[in-house]
Each structure stands twice: as structure tokens, then as C-alpha cells.
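Q: Contents of entry19.pdb (PDB, C-alpha atoms and all ligand atoms) are below:
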ATOM      1  CA  MET T   1     -14.278  41.876  60.242
ATOM      2  CA  THR T   2     -12.625  45.232  61.007
ATOM      3  CA  TYR T   3      -8.911  44.851  61.553
ATOM      4  CA  GLU T   4      -6.940  46.722  64.177
ATOM      5  CA  THR T   5      -3.580  44.942  64.139
ATOM      6  CA  ILE T   6      -3.159  44.352  60.405
ATOM      7  CA  LYS T   7      -3.919  46.246  57.196
ATOM      8  CA  VAL T   8      -5.351  44.410  54.209
ATOM      9  CA  GLU T   9      -5.354  45.833  50.688
ATOM     10  CA  GLN T  10      -6.218  44.274  47.350
ATOM     11  CA  LYS T  11      -3.890  45.353  44.560
ATOM     12  CA  GLY T  12      -5.274  43.744  41.416
ATOM     13  CA  ALA T  13      -5.062  39.996  41.974
ATOM     14  CA  VAL T  14      -2.614  40.347  44.868
ATOM     15  CA  THR T  15      -3.660  40.746  48.509
ATOM     16  CA  LEU T  16      -1.189  42.769  50.566
ATOM     17  CA  VAL T  17      -1.350  42.162  54.314
ATOM     18  CA  THR T  18       0.733  44.405  56.579
ATOM     19  CA  PHE T  19       1.281  43.896  60.294
ATOM     20  CA  ASP T  20       0.233  47.139  61.971
ATOM     21  CA  ARG T  21       1.287  47.247  65.635
ATOM     22  CA  PRO T  22       4.234  49.637  65.253
ATOM     23  CA  LYS T  23       4.500  50.438  68.977
ATOM     24  CA  ALA T  24       5.122  46.779  69.841
ATOM     25  CA  LEU T  25       7.276  46.072  66.760
ATOM     26  CA  ASN T  26       4.368  44.004  65.406
ATOM     27  CA  ALA T  27       4.500  41.531  68.302
ATOM     28  CA  LEU T  28       2.089  38.710  67.590
ATOM     29  CA  ALA T  29      -0.645  39.084  70.196
ATOM     30  CA  ASN T  30      -3.723  36.868  70.080
ATOM     31  CA  ALA T  31      -5.659  39.611  68.314
ATOM     32  CA  VAL T  32      -3.116  39.477  65.470
ATOM     33  CA  LEU T  33      -3.656  35.745  65.120
ATOM     34  CA  GLU T  34      -7.440  36.155  64.946
ATOM     35  CA  GLU T  35      -7.251  38.917  62.363
ATOM     36  CA  LEU T  36      -4.571  37.281  60.256
ATOM     37  CA  THR T  37      -6.447  33.975  60.212
ATOM     38  CA  ASP T  38      -9.566  35.808  59.046
ATOM     39  CA  ALA T  39      -7.660  37.722  56.346
ATOM     40  CA  PHE T  40      -5.987  34.561  55.027
ATOM     41  CA  ARG T  41      -9.327  32.703  54.944
ATOM     42  CA  ALA T  42     -10.888  35.583  53.030
ATOM     43  CA  TYR T  43      -7.972  35.550  50.571
ATOM     44  CA  ASP T  44      -8.279  31.812  50.001
ATOM     45  CA  ALA T  45     -12.029  32.129  49.378
ATOM     46  CA  ASP T  46     -11.824  35.087  46.959
ATOM     47  CA  ASP T  47     -11.496  33.930  43.338
ATOM     48  CA  SER T  48     -10.263  37.367  42.243
ATOM     49  CA  GLN T  49      -7.155  37.002  44.462
ATOM     50  CA  ARG T  50      -4.301  34.782  43.288
ATOM     51  CA  CYS T  51      -1.315  35.587  45.487
ATOM     52  CA  LEU T  52      -0.751  37.222  48.881
ATOM     53  CA  VAL T  53       2.175  39.159  50.325
ATOM     54  CA  LEU T  54       2.582  39.394  54.114
ATOM     55  CA  THR T  55       4.885  42.150  55.311
ATOM     56  CA  GLY T  56       5.665  44.323  58.340
ATOM     57  CA  SER T  57       7.349  47.683  58.775
ATOM     58  CA  GLU T  58      10.824  48.902  57.896
ATOM     59  CA  LYS T  59      11.952  48.170  61.448
ATOM     60  CA  ALA T  60      10.196  44.873  62.101
ATOM     61  CA  PHE T  61       8.384  42.163  60.220
ATOM     62  CA  ALA T  62       7.401  40.964  63.713
ATOM     63  CA  ALA T  63       9.532  40.897  66.875
ATOM     64  CA  GLY T  64       7.944  37.671  68.061
ATOM     65  CA  ALA T  65       5.041  36.463  70.096
ATOM     66  CA  ASP T  66       3.806  39.081  72.545
ATOM     67  CA  ILE T  67       6.063  38.570  75.558
ATOM     68  CA  LYS T  68       3.890  40.820  77.734
ATOM     69  CA  GLU T  69       0.811  38.726  76.926
ATOM     70  CA  MET T  70       2.675  35.450  77.580
ATOM     71  CA  ALA T  71       4.606  36.430  80.723
ATOM     72  CA  PRO T  72       1.889  35.730  83.353
ATOM     73  CA  GLN T  73       0.550  32.513  81.805
ATOM     74  CA  SER T  74       0.735  29.201  83.646
ATOM     75  CA  PHE T  75       1.269  25.756  82.182
ATOM     76  CA  GLY T  76      -2.487  25.178  82.596
ATOM     77  CA  ASP T  77      -3.295  28.355  80.657
ATOM     78  CA  MET T  78      -0.938  27.433  77.814
ATOM     79  CA  TYR T  79      -1.879  23.750  77.621
ATOM     80  CA  GLY T  80      -5.566  24.364  78.224
ATOM     81  CA  THR T  81      -5.872  26.872  75.402
ATOM     82  CA  ASN T  82      -3.352  25.026  73.198
ATOM     83  CA  TYR T  83      -1.602  28.412  72.905
ATOM     84  CA  PHE T  84      -0.104  29.047  69.444
ATOM     85  CA  ALA T  85      -1.889  26.070  67.812
ATOM     86  CA  GLY T  86      -4.093  28.557  65.936
ATOM     87  CA  TRP T  87      -1.107  29.834  63.968
ATOM     88  CA  GLU T  88      -1.075  26.584  62.024
ATOM     89  CA  ASN T  89      -4.358  27.750  60.394
ATOM     90  CA  ILE T  90      -2.316  30.040  58.196
ATOM     91  CA  THR T  91      -0.325  27.106  56.844
ATOM     92  CA  ARG T  92      -3.590  25.604  55.580
ATOM     93  CA  THR T  93      -3.953  28.417  53.038
ATOM     94  CA  ARG T  94      -4.247  26.645  49.694
ATOM     95  CA  LYS T  95      -3.229  29.538  47.479
ATOM     96  CA  PRO T  96       0.355  30.856  47.356
ATOM     97  CA  TRP T  97       1.687  33.509  49.686
ATOM     98  CA  ILE T  98       5.017  35.241  50.196
ATOM     99  CA  ALA T  99       6.596  36.728  53.326
ATOM    100  CA  ALA T 100       8.426  39.997  52.610
ATOM    101  CA  VAL T 101      10.713  40.627  55.566
ATOM    102  CA  ALA T 102      12.468  43.850  56.566
ATOM    103  CA  GLY T 103      13.993  44.406  60.004
ATOM    104  CA  TYR T 104      13.375  42.002  62.863
ATOM    105  CA  ALA T 105      11.763  38.616  62.273
ATOM    106  CA  LEU T 106      12.390  37.118  65.685
ATOM    107  CA  GLY T 107      10.806  34.216  67.532
ATOM    108  CA  GLY T 108       7.204  33.911  66.377
ATOM    109  CA  GLY T 109       7.958  36.523  63.697
ATOM    110  CA  CYS T 110      10.570  34.252  62.151
ATOM    111  CA  GLU T 111       8.222  31.293  62.555
ATOM    112  CA  VAL T 112       5.326  33.006  60.769
ATOM    113  CA  ALA T 113       7.669  34.095  57.954
ATOM    114  CA  MET T 114       8.802  30.479  57.610
ATOM    115  CA  MET T 115       5.153  29.382  57.208
ATOM    116  CA  ALA T 116       5.111  31.277  53.893
ATOM    117  CA  ASP T 117       5.602  29.488  50.586
ATOM    118  CA  THR T 118       8.696  31.578  50.041
ATOM    119  CA  LEU T 119      10.505  34.417  51.793
ATOM    120  CA  ILE T 120      12.033  37.509  50.263
ATOM    121  CA  ALA T 121      14.225  39.638  52.524
ATOM    122  CA  ALA T 122      15.362  43.242  52.629
ATOM    123  CA  ASP T 123      19.074  43.728  53.276
ATOM    124  CA  THR T 124      18.010  44.965  56.742
ATOM    125  CA  ALA T 125      16.297  41.691  57.692
ATOM    126  CA  VAL T 126      17.330  39.961  60.919
ATOM    127  CA  PHE T 127      16.100  36.443  61.643
ATOM    128  CA  GLY T 128      16.360  34.615  64.938
ATOM    129  CA  GLN T 129      14.810  32.236  67.443
ATOM    130  CA  PRO T 130      15.812  33.908  70.727
ATOM    131  CA  GLU T 131      13.192  32.125  72.884
ATOM    132  CA  ILE T 132      15.845  30.312  74.909
ATOM    133  CA  LYS T 133      16.799  33.667  76.446
ATOM    134  CA  LEU T 134      13.239  33.879  77.797
ATOM    135  CA  GLY T 135      13.377  30.409  79.337
ATOM    136  CA  VAL T 136      11.332  28.745  76.580
ATOM    137  CA  ILE T 137      11.844  27.357  73.085
ATOM    138  CA  PRO T 138      10.231  28.144  69.721
ATOM    139  CA  GLY T 139       6.521  27.361  69.960
ATOM    140  CA  MET T 140       5.118  28.009  66.469
ATOM    141  CA  GLY T 141       7.129  25.465  64.527
ATOM    142  CA  GLY T 142      10.560  27.120  64.567
ATOM    143  CA  SER T 143      12.480  24.068  65.763
ATOM    144  CA  GLN T 144      11.032  22.122  62.832
ATOM    145  CA  ARG T 145      10.837  24.649  59.989
ATOM    146  CA  LEU T 146      14.199  26.320  60.660
ATOM    147  CA  THR T 147      15.867  22.895  60.766
ATOM    148  CA  GLN T 148      14.194  21.897  57.510
ATOM    149  CA  ALA T 149      15.224  25.182  55.899
ATOM    150  CA  ILE T 150      18.865  25.532  56.990
ATOM    151  CA  GLY T 151      19.878  22.130  58.378
ATOM    152  CA  LYS T 152      20.478  20.796  61.879
ATOM    153  CA  ALA T 153      23.917  22.254  62.672
ATOM    154  CA  LYS T 154      22.988  25.881  62.006
ATOM    155  CA  ALA T 155      19.421  25.601  63.341
ATOM    156  CA  MET T 156      20.660  24.011  66.555
ATOM    157  CA  GLU T 157      23.317  26.677  66.969
ATOM    158  CA  MET T 158      20.772  29.476  66.451
ATOM    159  CA  ILE T 159      18.139  27.969  68.747
ATOM    160  CA  LEU T 160      20.622  27.102  71.522
ATOM    161  CA  THR T 161      22.482  30.420  71.486
ATOM    162  CA  GLY T 162      19.558  32.640  70.502
ATOM    163  CA  ARG T 163      21.786  34.533  68.073
ATOM    164  CA  ASN T 164      20.371  36.389  65.109
ATOM    165  CA  MET T 165      21.083  35.845  61.428
ATOM    166  CA  LYS T 166      21.333  38.707  58.946
ATOM    167  CA  ALA T 167      19.906  38.735  55.436
ATOM    168  CA  ASP T 168      23.073  37.679  53.575
ATOM    169  CA  GLU T 169      23.489  34.609  55.798
ATOM    170  CA  ALA T 170      19.776  33.830  55.461
ATOM    171  CA  LEU T 171      20.272  33.805  51.691
ATOM    172  CA  THR T 172      23.347  31.560  51.674
ATOM    173  CA  SER T 173      21.666  29.248  54.220
ATOM    174  CA  GLY T 174      18.584  28.818  52.031
ATOM    175  CA  LEU T 175      16.127  30.468  54.416
ATOM    176  CA  VAL T 176      15.127  33.137  51.880
ATOM    177  CA  CYS T 177      14.937  33.050  48.094
ATOM    178  CA  LYS T 178      16.247  36.548  47.511
ATOM    179  CA  VAL T 179      17.692  39.641  49.246
ATOM    180  CA  VAL T 180      16.950  43.112  47.889
ATOM    181  CA  PRO T 181      17.680  46.679  49.041
ATOM    182  CA  ALA T 182      15.172  47.643  51.756
ATOM    183  CA  GLU T 183      13.602  50.399  49.677
ATOM    184  CA  GLU T 184      12.800  47.883  46.916
ATOM    185  CA  LEU T 185      11.388  45.129  49.132
ATOM    186  CA  LEU T 186       7.705  45.759  48.561
ATOM    187  CA  THR T 187       8.115  46.408  44.836
ATOM    188  CA  GLU T 188      10.105  43.190  44.398
ATOM    189  CA  ALA T 189       7.689  41.145  46.518
ATOM    190  CA  MET T 190       4.691  42.527  44.628
ATOM    191  CA  LYS T 191       6.426  41.808  41.313
ATOM    192  CA  MET T 192       6.970  38.184  42.345
ATOM    193  CA  ALA T 193       3.365  37.968  43.574
ATOM    194  CA  GLU T 194       2.023  39.446  40.327
ATOM    195  CA  THR T 195       4.009  36.872  38.329
ATOM    196  CA  ILE T 196       2.537  34.073  40.442
ATOM    197  CA  ALA T 197      -0.927  35.655  40.111
ATOM    198  CA  GLU T 198      -0.686  35.337  36.329
ATOM    199  CA  MET T 199      -0.096  31.584  36.536
ATOM    200  CA  PRO T 200      -2.942  29.072  36.260
ATOM    201  CA  PRO T 201      -4.410  29.141  39.796
ATOM    202  CA  LEU T 202      -5.148  25.423  40.029
ATOM    203  CA  ALA T 203      -1.588  24.579  38.942
ATOM    204  CA  ALA T 204      -0.305  26.994  41.601
ATOM    205  CA  ILE T 205      -2.298  25.221  44.320
ATOM    206  CA  ALA T 206      -1.171  21.847  42.977
ATOM    207  CA  ALA T 207       2.490  22.931  42.846
ATOM    208  CA  LYS T 208       2.279  24.064  46.461
ATOM    209  CA  GLU T 209       0.734  20.776  47.537
ATOM    210  CA  ALA T 210       3.407  18.797  45.718
ATOM    211  CA  VAL T 211       6.358  20.760  47.141
ATOM    212  CA  ASN T 212       4.896  20.617  50.649
ATOM    213  CA  ALA T 213       4.323  16.864  50.299
ATOM    214  CA  SER T 214       8.110  16.473  50.123
ATOM    215  CA  TYR T 215       8.208  17.254  53.856
ATOM    216  CA  GLU T 216       5.644  14.621  54.747
ATOM    217  CA  MET T 217       6.290  11.697  52.393
ATOM    218  CA  THR T 218       9.044   9.322  51.366
ATOM    219  CA  LEU T 219      10.667  10.089  47.989
ATOM    220  CA  ALA T 220       8.711   7.303  46.255
ATOM    221  CA  GLN T 221       5.400   8.442  47.783
ATOM    222  CA  GLY T 222       6.150  12.060  46.945
ATOM    223  CA  ILE T 223       6.979  11.295  43.321
ATOM    224  CA  ASN T 224       3.834   9.205  43.014
ATOM    225  CA  PHE T 225       1.785  12.037  44.555
ATOM    226  CA  GLU T 226       3.379  14.545  42.164
ATOM    227  CA  ARG T 227       2.622  12.376  39.147
ATOM    228  CA  ARG T 228      -1.034  11.881  40.102
ATOM    229  CA  VAL T 229      -1.472  15.625  40.604
ATOM    230  CA  PHE T 230       0.330  16.284  37.304
ATOM    231  CA  HIS T 231      -2.000  13.843  35.517
ATOM    232  CA  GLY T 232      -4.992  15.473  37.229
ATOM    233  CA  LEU T 233      -4.143  18.894  35.804
ATOM    234  CA  PHE T 234      -4.882  17.503  32.320
ATOM    235  CA  GLY T 235      -8.519  17.656  33.406
ATOM    236  CA  THR T 236      -8.386  21.463  33.663
ATOM    237  CA  ASP T 237      -9.280  24.083  31.041
ATOM    238  CA  ASP T 238      -6.128  25.977  31.996
ATOM    239  CA  GLN T 239      -3.888  23.110  30.822
ATOM    240  CA  LYS T 240      -5.575  23.294  27.388
ATOM    241  CA  GLU T 241      -5.236  27.084  27.402
ATOM    242  CA  GLY T 242      -1.590  27.014  28.565
ATOM    243  CA  MET T 243      -0.492  24.556  25.903
ATOM    244  CA  ALA T 244      -2.563  26.246  23.163
ATOM    245  CA  ALA T 245      -1.098  29.636  24.118
ATOM    246  CA  PHE T 246       2.423  28.190  23.795
ATOM    247  CA  SER T 247       1.701  26.880  20.279
ATOM    248  CA  GLU T 248       0.010  30.124  19.260
ATOM    249  CA  LYS T 249       2.905  32.179  20.680
ATOM    250  CA  ARG T 250       0.679  34.230  22.988
ATOM    251  CA  LYS T 251       0.250  34.678  26.732
ATOM    252  CA  GLY T 252      -2.140  32.251  28.431
ATOM    253  CA  ASP T 253      -5.405  33.597  29.839
ATOM    254  CA  PHE T 254      -6.058  31.407  32.852
ATOM    255  CA  LYS T 255      -9.447  31.084  34.498
ATOM    256  CA  GLY T 256      -8.787  28.748  37.401
ATOM    257  CA  ARG T 257     -10.882  25.934  35.935
TER
HETATM  258  C1  LIG V   1       5.979  42.376  73.251
HETATM  259  C2  LIG V   1       7.574  43.707  72.300
HETATM  260  C3  LIG V   1       8.190  42.601  71.702
HETATM  261  C4  LIG V   1       7.600  41.326  71.903
HETATM  262  C5  LIG V   1       9.311  44.344  71.174
HETATM  263  N1  LIG V   1       8.306  44.773  71.952
HETATM  264  N2  LIG V   1       9.272  43.034  71.009
HETATM  265  N3  LIG V   1       6.476  43.591  73.066
HETATM  266  N4  LIG V   1       6.507  41.272  72.703
HETATM  267  N5  LIG V   1       8.090  40.222  71.340
HETATM  268  C6  LIG V   1       8.018  46.137  72.401
HETATM  269  C7  LIG V   1       8.993  46.595  73.445
HETATM  270  O1  LIG V   1       8.614  46.148  74.720
HETATM  271  C8  LIG V   1       8.873  48.102  73.324
HETATM  272  O2  LIG V   1       7.686  48.538  73.951
HETATM  273  C9  LIG V   1       8.666  48.296  71.828
HETATM  274  O3  LIG V   1       8.197  47.030  71.318
HETATM  275  C10 LIG V   1       9.940  48.650  71.092
HETATM  276  O4  LIG V   1      10.922  47.687  71.417
HETATM  277  P1  LIG V   1      12.400  48.032  71.945
HETATM  278  O5  LIG V   1      12.910  46.828  72.639
HETATM  279  O6  LIG V   1      12.383  49.318  72.702
HETATM  280  O7  LIG V   1      13.155  48.277  70.568
HETATM  281  P2  LIG V   1      14.702  48.066  70.274
HETATM  282  O8  LIG V   1      15.543  48.570  71.414
HETATM  283  O9  LIG V   1      14.913  48.650  68.912
HETATM  284  O10 LIG V   1      14.924  46.480  70.194
HETATM  285  C11 LIG V   1      14.288  45.721  69.191
HETATM  286  C12 LIG V   1      14.357  44.214  69.544
HETATM  287  C13 LIG V   1      13.803  43.988  70.965
HETATM  288  C14 LIG V   1      15.824  43.741  69.477
HETATM  289  C15 LIG V   1      13.546  43.448  68.492
HETATM  290  O11 LIG V   1      12.537  44.620  71.074
HETATM  291  C16 LIG V   1      13.629  42.545  71.333
HETATM  292  O12 LIG V   1      14.590  41.858  71.654
HETATM  293  N6  LIG V   1      12.365  42.078  71.336
HETATM  294  C17 LIG V   1      12.036  40.730  71.765
HETATM  295  C18 LIG V   1      12.441  39.728  70.729
HETATM  296  C19 LIG V   1      12.104  38.318  71.183
HETATM  297  O13 LIG V   1      12.635  37.827  72.211
HETATM  298  N7  LIG V   1      11.230  37.648  70.434
HETATM  299  C20 LIG V   1      10.820  36.317  70.755
HETATM  300  C21 LIG V   1       9.587  36.340  71.584
HETATM  301  S1  LIG V   1       9.056  34.723  72.025
HETATM  302  P3  LIG V   1       7.711  49.656  75.124
HETATM  303  O14 LIG V   1       6.277  49.738  75.532
HETATM  304  O15 LIG V   1       8.640  49.171  76.156
HETATM  305  O16 LIG V   1       8.209  50.878  74.398
HETATM  306  C22 LIG V   1       8.362  34.110  70.679
HETATM  307  C23 LIG V   1       7.917  32.693  70.600
HETATM  308  C24 LIG V   1       7.570  32.150  71.841
HETATM  309  O17 LIG V   1       8.161  34.714  69.712
HETATM  310  C25 LIG V   1       7.423  30.705  71.722
HETATM  311  C26 LIG V   1       7.550  29.991  72.998
HETATM  312  C27 LIG V   1       6.421  30.141  73.971
END
What would you get if you wrote out this structure as C-alpha cells?
Ligand code: HXC

A:
Amino acid sequence: MTYETIKVEQKGAVTLVTFDRPKALNALANAVLEELTDAFRAYDADDSQRCLVLTGSEKAFAAGADIKEMAPQSFGDMYGTNYFAGWENITRTRKPWIAAVAGYALGGGCEVAMMADTLIAADTAVFGQPEIKLGVIPGMGGSQRLTQAIGKAKAMEMILTGRNMKADEALTSGLVCKVVPAEELLTEAMKMAETIAEMPPLAAIAAKEAVNASYEMTLAQGINFERRVFHGLFGTDDQKEGMAAFSEKRKGDFKGR
């Protein structure tokens, strides 16, 4: 597939995906969804790729769903096409991925960033769910994921007032794992991705599944799930390699088997 709204580059074992609709501040039109879904599927299927970074421009990660595309739609159009449901495809990516956010991550932009396994922000990052100002509410999971990330009081305040949150507040609220100077964002995100890419790939997938299970299961179920997955990893070559490498005081060479 040839992409027109995103750029995809492979840098060693890391796939770098960049939103590329600068004139619309990377607004998430349907074409972006189709291309991003394709790029994420290709990443998941490519054994040479072990981590992915999704980023935007200096000014905007993404300024939201495309308001101009949505404006004329009726209830029937939205319900009939299950508008936005396709974005959940990205959350089915089995391998790890990071959102690297500079500038605006508003509405759908914030929601897509929150679909990532972790978020790293530039000091210029601005997060928000301003949909209420447009007469709607978040529609790509924002009411759920923002609440899970920063708690009800702050999420409710942001969603009801539509106010934005800057990078330092996003860090203290637990929305992002790290804030770095804007000019270092990509380097820092790629460094994190390269570290993850060196880990045993099956353990990375398993770790993701286990952490994500904490949102879906009771504590007892989640701990049981974690333990079964932990036991299961003793069936992999990479567990033997990882533990042998520790004893032999060398770096593990992981094959994803
Ligand atoms: C379509 C958008 C857009 C968007 C910006 N643009 N955001 N187009 N959809 N979400 C376009 C503008 O129309 C403009 O195009 C160009 O990008 C540059 O934007 P400006 O507004 O001129 O830039 P600036 O003054 O710097 O302001 C930046 C901004 C502002 C604060 C981010 O653009 C803004 O408020 N955007 C909308 C943010 C938003 O409400 N997002 C949530 C959307 S709803 P032209 O052609 O005029 O130059 C959503 C989820 C919906 O995401 C879920 C419920 C259904």
C-alpha cells in the first residue's frame, strides 16, 4: 500500500511511523485510519521489527478527528458505518509500540496516543479532549482510557471543560512516562524503542498482554493469568538464552522463539 497521510520507515528493528498531514495538523481523517491500520498490521507481521514509534510533527501529534469530515454526518451515517470503531484495530497490535508526542494531541489525537503501550512527551506537548466544545464527546475511547490513566476527578474535569493539559501535568498525572526537551523527543523515543527491540520478543508480547489484562480482569484473575503466561515462557528458547546469558555475563541474543 502506498501511503499519503503517514510516513513509514524501518530503522533497524524499529518501525517509525509519522503522521504526515501538516496542513490539517495531522487531523485523523478516514484515510489516516486505513493507512495506519495497514502499517500497524505490517509491523506486527514482520519478524525483523520489534518495536514501533508513532509520532507527528513539532506542532501537532494530531489535532483530533477530522472535524471537516465529521461535520455533515448524520446519526445514521455515524451509526451505520460504526464511525471510529476501526481505530480499535490499532490496539490489537501484539508487539509493543510507543507514542512520541510533541505539540497538540487533542481529541482523537489524544485518544490514539493513549492507545499506545506507553507515551513519551516533548515539553511542548498539549493533551486534551475538547470534543464537548463541538457538541459531542470523545469517541475513540478517551472517556475510558483518560479516566484509567489519570483518575476520575481530573478526567471528568478535562472532558467536561474541554481544557488542555501541558506536558508537566501529563507527567505528574501519570498520562506519560517521561517528558523530554522537544528537540530530543525522537532520539529519546527511538532509544526506548531500541531497548525494547533488544528484549526477547515473545516476552515483550507476553508482558503487554499481562499488563493489559489488568484492565479487564479482577486482581485474582489477573495474577493467575500472569503466572500462566510466566510459566509458558519457560517453553521458549529465549528464556534459556536469557538465563544462560546472565550466568555467562554476556548480552542475550534473542530469536523470538
Ligand atoms: C480538521 C483541523 C483540525 C481538525 C486543525 N485543523 N485541527 N482540520 N480537523 N481536528 C486544520 C485547521 O482547520 C486549519 O486548516 C489547519 O488545520 C491549521 O489549524 P489552525 O486552527 O489554523 O491552527 P492554530 O491556530 O495553531 O490552532 C491549533 C489548534 C486548533 C488549537 C490545534 O486547530 C484546534 O483547536 N483544532 C481542533 C482541535 C479539536 O477540537 N480536536 C478534537 C476534534 S474531535 P485551514 O484549512 O483552515 O488552514 C475529535 C474526536 C471526536 O477528535 C469524537 C467524537 C465524535

Q: Neighbouring residues of ligand LIG 1 (chain V) are defined here as those with any atom at most 9 Å from a ligand atom, counting all atoms listed in the file; list them as number ranges by chain.

A: T: 21-29, 59-60, 62-70, 78, 83-84, 103-111, 128-142, 162

Q: Going by the chain IDs and residue numbers used in this file, which residues fall under the PyMOL selection byres (((chain T and resi 176) around 7) and not hetatm)? Write them as number ranges by chain.

A: T: 118-121, 170-171, 174-175, 177-178

Q: Those selected residues, please, written with C-alpha atoms and delivered as a PDB file, in the frame of the given file.

A:
ATOM      1  CA  THR T 118       8.696  31.578  50.041  1.00  0.00           C
ATOM      2  CA  LEU T 119      10.505  34.417  51.793  1.00  0.00           C
ATOM      3  CA  ILE T 120      12.033  37.509  50.263  1.00  0.00           C
ATOM      4  CA  ALA T 121      14.225  39.638  52.524  1.00  0.00           C
ATOM      5  CA  ALA T 170      19.776  33.830  55.461  1.00  0.00           C
ATOM      6  CA  LEU T 171      20.272  33.805  51.691  1.00  0.00           C
ATOM      7  CA  GLY T 174      18.584  28.818  52.031  1.00  0.00           C
ATOM      8  CA  LEU T 175      16.127  30.468  54.416  1.00  0.00           C
ATOM      9  CA  CYS T 177      14.937  33.050  48.094  1.00  0.00           C
ATOM     10  CA  LYS T 178      16.247  36.548  47.511  1.00  0.00           C
TER      11      LYS T 178
END

Q: Between CA of Phe246 (chain T) and CA of Ala213 (chain T), what is the distance, to one decimal in Å?

A: 28.9 Å

Q: Find the residues around Ile6 (chain T) up to 6 Å (only C-alpha atoms counted), leave out those fewer than 3 positions away in its own chain, and share them as a compact mmCIF listing (two decimals) with C-alpha atoms, in the coordinates of the input.

A:
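Final output, saved to result.txt:
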# COMPACT_ATOMS: atom_id res chain seq x y z
CA TYR T 3 -8.91 44.85 61.55
CA THR T 18 0.73 44.40 56.58
CA PHE T 19 1.28 43.90 60.29
CA ASP T 20 0.23 47.14 61.97

Q: What is the CA of Gly76 (chain T) to CA of Glu34 (chain T) distance in Å?

A: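 CA of Glu34 (chain T) lies 21.4 Å from CA of Gly76 (chain T).
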
Q: Let me make sure I understand: among T:Lys251, T:Lys95, T:Lys11, T:Arg163, which one has the smallest atom-to-atom distance to Asp47 (chain T) if we use only C-alpha atoms?

A: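 Looking at the shortest contact to Asp47 (chain T), the residue is T:Lys95.
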
Q: Compare T:Gln148, T:Gly235, T:Glu169, T:Ala244 by their minimum atom-to-atom distance to Glu216 (chain T), counting all atoms listed in the file, and give me the closest one.

A: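 Smallest distance to Glu216 (chain T) is found for T:Gln148.
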
Q: Quick one: residues within 8 Å of (4.0, 46.1, 56.9) (file frame), counting all atoms listed in the file, please, as a list in words.

A: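 Every polymer residue passing the test: Lys7, Val17, Thr18, Phe19, Asp20, Leu54, Thr55, Gly56, Ser57, Glu58 and Phe61 of chain T.
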
Q: Report as a list in words the full result of the PyMOL selection byres (((chain T and resi 35-45) around 9) and not hetatm) when it is applied to this structure.

A: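 Applying the expression gives Met1, Thr2, Tyr3, Glu4, Thr5, Ile6, Val8, Thr15, Val17, Phe19, Asn30, Ala31, Val32, Leu33, Glu34, Asp46, Asp47, Ser48, Gln49, Arg50, Cys51, Leu52, Gly86, Trp87, Asn89, Ile90, Thr93, Arg94 and Lys95 of chain T.
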
Q: From the set T:Glu241, T:Asp117, T:Glu184, T:Asp123, which residue has the shortest atom-to-atom contact distance to Met165 (chain T), counting all atoms listed in the file?

A: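 For Met165 (chain T), the nearest of the given residues is T:Asp123.
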
Q: Just say which residues the PyMOL selection byres (((chain T and resi 253) around 8) and not hetatm) picks in this file, as a count of residues only.

A: 7

Q: Just the residues within 7 Å of Leu185 (chain T), please, counting only C-alpha atoms, with nothing from its chain fewer than 4 positions along; format it as a VMD selection string.

A: chain T and resid 100 122 180 to 181 189

Q: From the options T:Ala155, T:Val101, T:Ile205, T:Ala71, which residue's atoms come nearest to Ala182 (chain T), counting all atoms listed in the file?

A: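 Selected residue with least distance to Ala182 (chain T): T:Val101.
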
Q: What's the separation between CA of Glu248 (chain T) and CA of Met199 (chain T), in Å to one decimal place?

A: 17.3 Å
